[in-house]
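A.B. asks: Okay, so here is protein.pdb, and as you'll see once you scroll down, it has PDB, C-alpha atoms.
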```pdb
ATOM      1  CA  MET Q   1     114.139 108.078 116.339
ATOM      2  CA  LYS Q   2     112.034 105.215 114.986
ATOM      3  CA  LEU Q   3     113.760 101.894 114.320
ATOM      4  CA  ILE Q   4     112.650  99.381 111.695
ATOM      5  CA  ASN Q   5     113.188  95.677 112.290
ATOM      6  CA  ILE Q   6     114.838  94.255 109.157
ATOM      7  CA  GLY Q   7     114.856  90.683 110.436
ATOM      8  CA  TYR Q   8     116.848  88.527 112.825
ATOM      9  CA  GLY Q   9     116.871  91.218 115.507
ATOM     10  CA  ASN Q  10     118.537  93.839 113.304
ATOM     11  CA  LEU Q  11     117.211  97.397 113.415
ATOM     12  CA  VAL Q  12     117.735 100.390 111.134
ATOM     13  CA  ALA Q  13     116.869 104.029 111.856
ATOM     14  CA  GLU Q  14     113.911 104.867 109.621
ATOM     15  CA  ASP Q  15     114.896 108.510 109.139
ATOM     16  CA  ARG Q  16     118.309 107.492 107.717
ATOM     17  CA  ILE Q  17     116.884 105.312 104.913
ATOM     18  CA  VAL Q  18     117.046 106.802 101.430
ATOM     19  CA  ALA Q  19     115.912 103.760  99.416
ATOM     20  CA  VAL Q  20     114.914 100.098  99.721
ATOM     21  CA  VAL Q  21     115.516  98.305  96.428
ATOM     22  CA  SER Q  22     115.734  94.837  94.921
ATOM     23  CA  PRO Q  23     119.293  93.493  94.479
ATOM     24  CA  GLU Q  24     118.670  92.042  91.012
ATOM     25  CA  SER Q  25     119.700  94.902  88.694
ATOM     26  CA  ALA Q  26     123.246  95.573  87.514
ATOM     27  CA  PRO Q  27     123.362  99.138  88.951
ATOM     28  CA  ILE Q  28     122.422  97.854  92.412
ATOM     29  CA  LYS Q  29     125.039  95.104  92.156
ATOM     30  CA  ARG Q  30     127.601  97.833  91.381
ATOM     31  CA  ILE Q  31     126.445  99.835  94.406
ATOM     32  CA  ILE Q  32     126.926  96.734  96.571
ATOM     33  CA  ALA Q  33     130.416  96.094  95.139
ATOM     34  CA  ASP Q  34     131.416  99.746  95.647
ATOM     35  CA  ALA Q  35     130.170  99.698  99.247
ATOM     36  CA  LYS Q  36     132.167  96.542  99.901
ATOM     37  CA  GLU Q  37     135.334  98.251  98.631
ATOM     38  CA  ARG Q  38     134.628 101.368 100.766
ATOM     39  CA  HIS Q  39     133.890  99.175 103.828
ATOM     40  CA  THR Q  40     130.365 100.624 104.125
ATOM     41  CA  LEU Q  41     128.531  97.365 103.364
ATOM     42  CA  ILE Q  42     126.527  95.805 106.203
ATOM     43  CA  ASP Q  43     125.337  92.231 105.679
ATOM     44  CA  ALA Q  44     122.259  91.651 107.845
ATOM     45  CA  THR Q  45     121.124  88.502 106.020
ATOM     46  CA  TYR Q  46     122.615  85.952 108.441
ATOM     47  CA  GLY Q  47     123.702  83.844 105.481
ATOM     48  CA  ARG Q  48     120.363  83.900 103.727
ATOM     49  CA  ARG Q  49     119.648  85.146 100.223
ATOM     50  CA  THR Q  50     119.656  88.940  99.840
ATOM     51  CA  LYS Q  51     116.162  90.078  98.874
ATOM     52  CA  ALA Q  52     116.436  93.808  99.624
ATOM     53  CA  VAL Q  53     119.171  96.410  99.664
ATOM     54  CA  ILE Q  54     118.759  99.379 102.006
ATOM     55  CA  ILE Q  55     120.671 102.529 101.107
ATOM     56  CA  THR Q  56     121.159 105.127 103.845
ATOM     57  CA  ASP Q  57     121.920 108.836 103.813
ATOM     58  CA  SER Q  58     125.419 108.081 105.142
ATOM     59  CA  GLU Q  59     126.034 105.971 102.008
ATOM     60  CA  HIS Q  60     125.988 102.731 103.984
ATOM     61  CA  VAL Q  61     124.477  99.808 102.100
ATOM     62  CA  ILE Q  62     122.615  97.183 104.119
ATOM     63  CA  LEU Q  63     121.799  93.739 102.734
ATOM     64  CA  CYS Q  64     118.542  92.333 104.042
ATOM     65  CA  ALA Q  65     116.830  88.927 103.740
ATOM     66  CA  LEU Q  66     113.338  90.491 103.657
ATOM     67  CA  VAL Q  67     111.670  91.588 100.428
ATOM     68  CA  PRO Q  68     111.543  95.393  99.896
ATOM     69  CA  GLU Q  69     107.753  95.482 100.306
ATOM     70  CA  LYS Q  70     107.990  93.897 103.755
ATOM     71  CA  VAL Q  71     110.679  96.371 104.849
ATOM     72  CA  ALA Q  72     108.493  99.256 103.629
ATOM     73  CA  LYS Q  73     105.465  97.840 105.458
ATOM     74  CA  ARG Q  74     107.424  97.574 108.688
ATOM     75  CA  GLY Q  75     108.460 101.188 108.255
ATOM     76  CA  GLY Q  76     104.816 102.216 108.255
ATOM     77  CA  GLU Q  77     103.974 100.326 111.437
ATOM     78  CA  ASP Q  78     103.905 101.907 114.889
ATOM     79  CA  HIS Q  79     105.847  99.113 116.590
ATOM     80  CA  GLN Q  80     109.406  97.965 116.019
ATOM     81  CA  GLU Q  81     109.167  94.463 117.397
ATOM     82  CA  GLU Q  82     109.071  91.481 115.056
ATOM     83  CA  PRO Q  83     106.294  89.106 116.101
ATOM     84  CA  ALA Q  84     107.677  86.185 118.042
ATOM     85  CA  GLU Q  85     107.673  82.951 116.126
ATOM     86  CA  GLU Q  86     105.027  80.571 117.283
ATOM     87  CA  GLU Q  87     106.373  77.735 119.321
ATOM     88  CA  GLU Q  88     105.310  74.266 118.365
ATOM     89  CA  LEU Q  89     103.110  72.770 121.010
ATOM     90  CA  SER Q  90     103.686  69.151 121.731
ATOM     91  CA  HIS Q  91     100.604  67.221 122.574
ATOM     92  CA  SER Q  92     101.095  64.695 125.310
ATOM     93  CA  GLU Q  93      99.363  61.401 124.883
ATOM     94  CA  SER Q  94      97.486  59.984 127.842
TER      95      SER Q  94
END
```
Show me the file's structure as structure tokens.

C.D. replies:
Amino acid sequence: MKLINIGYGNLVAEDRIVAVVSPESAPIKRIIADAKERHTLIDATYGRRTKAVIITDSEHVILCALVPEKVAKRGGEDHQEEPAEEEELSHSES
């Protein structure tokens, strides 16, 4: 089972994904509202703006802060790890 990193340490099984779509259209907003009512909505945005909606074969709906293209690109990669953020180096003055 291959896992896709959807940001902030959250992973989704690639073989369970049916679609990755933008949240802007009215039909997708209805899907999100229906999933919330059915208690199958998973918010993986950590309070950030939803940029992609992942729909799974189990009818779970996952909100993601990454754009759909980035999620798709990560699905095509061989590794599941998100690159570590670069730490700022402080230069000491002599």

A.B. asks: Given the file shown, enumerate the residues that the PyMOL selection byres ((chain Q and resi 1) around 9) captures and present them as a PDB file with C-alpha atoms, keeping the file's coordinate frame.

C.D. replies:
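Written output follows (expr.pdb):
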```pdb
ATOM      1  CA  LYS Q   2     112.034 105.215 114.986  1.00  0.00           C
ATOM      2  CA  LEU Q   3     113.760 101.894 114.320  1.00  0.00           C
ATOM      3  CA  ALA Q  13     116.869 104.029 111.856  1.00  0.00           C
ATOM      4  CA  GLU Q  14     113.911 104.867 109.621  1.00  0.00           C
ATOM      5  CA  ASP Q  15     114.896 108.510 109.139  1.00  0.00           C
TER       6      ASP Q  15
END
```

A.B. asks: Decode the PyMOL selection byres ((chain Q and resi 53-56) around 10) for the given file into explicit residues and return them as a VMD selection string.

C.D. replies: chain Q and resid 6 12 to 24 28 to 29 31 to 32 41 to 44 50 to 52 57 to 68 71

A.B. asks: Care to translate the PyMOL selection byres ((chain Q and resi 8) around 9) into actual residues of this file, as a ChimeraX atom specification?

C.D. replies: /Q:5-7,9-11,44-46,82

A.B. asks: One decimal, Å: what's the distance from atom CA of Q:Gly76 over to atom CA of Q:Ile4, could you say?

C.D. replies: 9.0 Å

A.B. asks: Can you tell me how far atom CA of Q:Arg49 sits from atom CA of Q:Glu69, in Å to one decimal?

C.D. replies: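 Atom-to-atom, atom CA of Q:Arg49 to atom CA of Q:Glu69, that is 15.8 Å.
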
A.B. asks: Grab stretch 17-32 of chain Q from that structure and dump all heavy atoms to a file, as a compact mmCIF listing (two decimals), in the first residue's frame.

C.D. replies:
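File written: part_18.txt
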```
# COMPACT_ATOMS: atom_id res chain seq x y z
N ILE Q 17 -7.94 6.48 -3.41
CA ILE Q 17 -8.36 7.76 -3.96
C ILE Q 17 -9.10 7.57 -5.27
O ILE Q 17 -8.62 6.88 -6.17
CB ILE Q 17 -7.14 8.69 -4.17
CG1 ILE Q 17 -6.51 9.03 -2.82
CG2 ILE Q 17 -7.55 9.96 -4.90
CD1 ILE Q 17 -5.23 9.84 -2.92
N VAL Q 18 -10.27 8.19 -5.35
CA VAL Q 18 -11.07 8.16 -6.57
C VAL Q 18 -10.85 9.45 -7.36
O VAL Q 18 -10.71 9.42 -8.59
CB VAL Q 18 -12.57 7.99 -6.25
CG1 VAL Q 18 -13.42 8.11 -7.49
CG2 VAL Q 18 -12.81 6.67 -5.55
N ALA Q 19 -10.80 10.59 -6.65
CA ALA Q 19 -10.64 11.88 -7.33
C ALA Q 19 -9.97 12.89 -6.41
O ALA Q 19 -10.11 12.82 -5.18
CB ALA Q 19 -12.00 12.41 -7.77
N VAL Q 20 -9.25 13.83 -7.03
CA VAL Q 20 -8.69 14.99 -6.33
C VAL Q 20 -9.18 16.20 -7.12
O VAL Q 20 -8.82 16.37 -8.28
CB VAL Q 20 -7.15 14.96 -6.28
CG1 VAL Q 20 -6.62 16.18 -5.54
CG2 VAL Q 20 -6.65 13.68 -5.64
N VAL Q 21 -10.02 17.02 -6.48
CA VAL Q 21 -10.68 18.11 -7.20
C VAL Q 21 -10.54 19.43 -6.43
O VAL Q 21 -10.24 19.45 -5.25
CB VAL Q 21 -12.18 17.80 -7.42
CG1 VAL Q 21 -12.36 16.62 -8.35
CG2 VAL Q 21 -12.88 17.55 -6.10
N SER Q 22 -10.80 20.51 -7.14
CA SER Q 22 -10.80 21.84 -6.55
C SER Q 22 -12.11 22.04 -5.78
O SER Q 22 -13.16 21.58 -6.22
CB SER Q 22 -10.67 22.88 -7.66
OG SER Q 22 -10.83 24.17 -7.14
N PRO Q 23 -12.08 22.75 -4.67
CA PRO Q 23 -13.29 22.93 -3.85
C PRO Q 23 -14.19 24.08 -4.28
O PRO Q 23 -15.18 24.37 -3.62
CB PRO Q 23 -12.71 23.22 -2.46
CG PRO Q 23 -11.45 23.94 -2.76
CD PRO Q 23 -10.90 23.29 -4.01
N GLU Q 24 -13.90 24.71 -5.41
CA GLU Q 24 -14.59 25.94 -5.79
C GLU Q 24 -16.00 25.75 -6.35
O GLU Q 24 -16.84 26.63 -6.20
CB GLU Q 24 -13.75 26.70 -6.81
CG GLU Q 24 -12.35 27.05 -6.32
CD GLU Q 24 -12.36 27.89 -5.05
OE1 GLU Q 24 -13.19 28.81 -4.95
OE2 GLU Q 24 -11.53 27.62 -4.18
N SER Q 25 -16.30 24.64 -6.99
CA SER Q 25 -17.60 24.50 -7.67
C SER Q 25 -18.72 24.14 -6.69
O SER Q 25 -18.49 23.56 -5.64
CB SER Q 25 -17.52 23.44 -8.77
OG SER Q 25 -17.42 22.16 -8.20
N ALA Q 26 -19.93 24.48 -7.08
CA ALA Q 26 -21.10 24.21 -6.24
C ALA Q 26 -21.30 22.71 -6.00
O ALA Q 26 -21.62 22.31 -4.87
CB ALA Q 26 -22.36 24.82 -6.86
N PRO Q 27 -21.13 21.83 -7.01
CA PRO Q 27 -21.30 20.40 -6.74
C PRO Q 27 -20.31 19.86 -5.70
O PRO Q 27 -20.67 19.03 -4.87
CB PRO Q 27 -21.06 19.74 -8.10
CG PRO Q 27 -21.37 20.80 -9.09
CD PRO Q 27 -20.96 22.09 -8.45
N ILE Q 28 -19.08 20.35 -5.73
CA ILE Q 28 -18.09 19.90 -4.75
C ILE Q 28 -18.44 20.43 -3.37
O ILE Q 28 -18.29 19.73 -2.36
CB ILE Q 28 -16.66 20.31 -5.17
CG1 ILE Q 28 -16.29 19.71 -6.52
CG2 ILE Q 28 -15.64 19.91 -4.11
CD1 ILE Q 28 -16.38 18.19 -6.60
N LYS Q 29 -18.93 21.65 -3.30
CA LYS Q 29 -19.37 22.19 -2.01
C LYS Q 29 -20.51 21.37 -1.44
O LYS Q 29 -20.59 21.15 -0.22
CB LYS Q 29 -19.78 23.66 -2.16
CG LYS Q 29 -18.58 24.56 -2.41
CD LYS Q 29 -18.98 26.00 -2.58
CE LYS Q 29 -17.76 26.86 -2.87
NZ LYS Q 29 -18.08 28.26 -3.06
N ARG Q 30 -21.41 20.87 -2.31
CA ARG Q 30 -22.50 19.99 -1.84
C ARG Q 30 -21.95 18.65 -1.35
O ARG Q 30 -22.42 18.12 -0.34
CB ARG Q 30 -23.52 19.77 -2.96
CG ARG Q 30 -24.46 20.94 -3.14
CD ARG Q 30 -25.66 20.57 -4.00
NE ARG Q 30 -25.29 20.23 -5.37
CZ ARG Q 30 -25.17 21.10 -6.37
NH1 ARG Q 30 -25.37 22.39 -6.14
NH2 ARG Q 30 -24.83 20.69 -7.57
N ILE Q 31 -20.96 18.12 -2.05
CA ILE Q 31 -20.33 16.87 -1.61
C ILE Q 31 -19.72 17.05 -0.22
O ILE Q 31 -19.86 16.18 0.65
CB ILE Q 31 -19.27 16.40 -2.63
CG1 ILE Q 31 -19.96 15.90 -3.89
CG2 ILE Q 31 -18.36 15.33 -2.03
CD1 ILE Q 31 -19.00 15.58 -5.03
N ILE Q 32 -19.06 18.18 0.00
CA ILE Q 32 -18.45 18.46 1.30
C ILE Q 32 -19.53 18.56 2.38
O ILE Q 32 -19.41 17.97 3.47
CB ILE Q 32 -17.61 19.76 1.24
CG1 ILE Q 32 -16.39 19.55 0.35
CG2 ILE Q 32 -17.18 20.20 2.64
CD1 ILE Q 32 -15.64 20.83 0.01
```
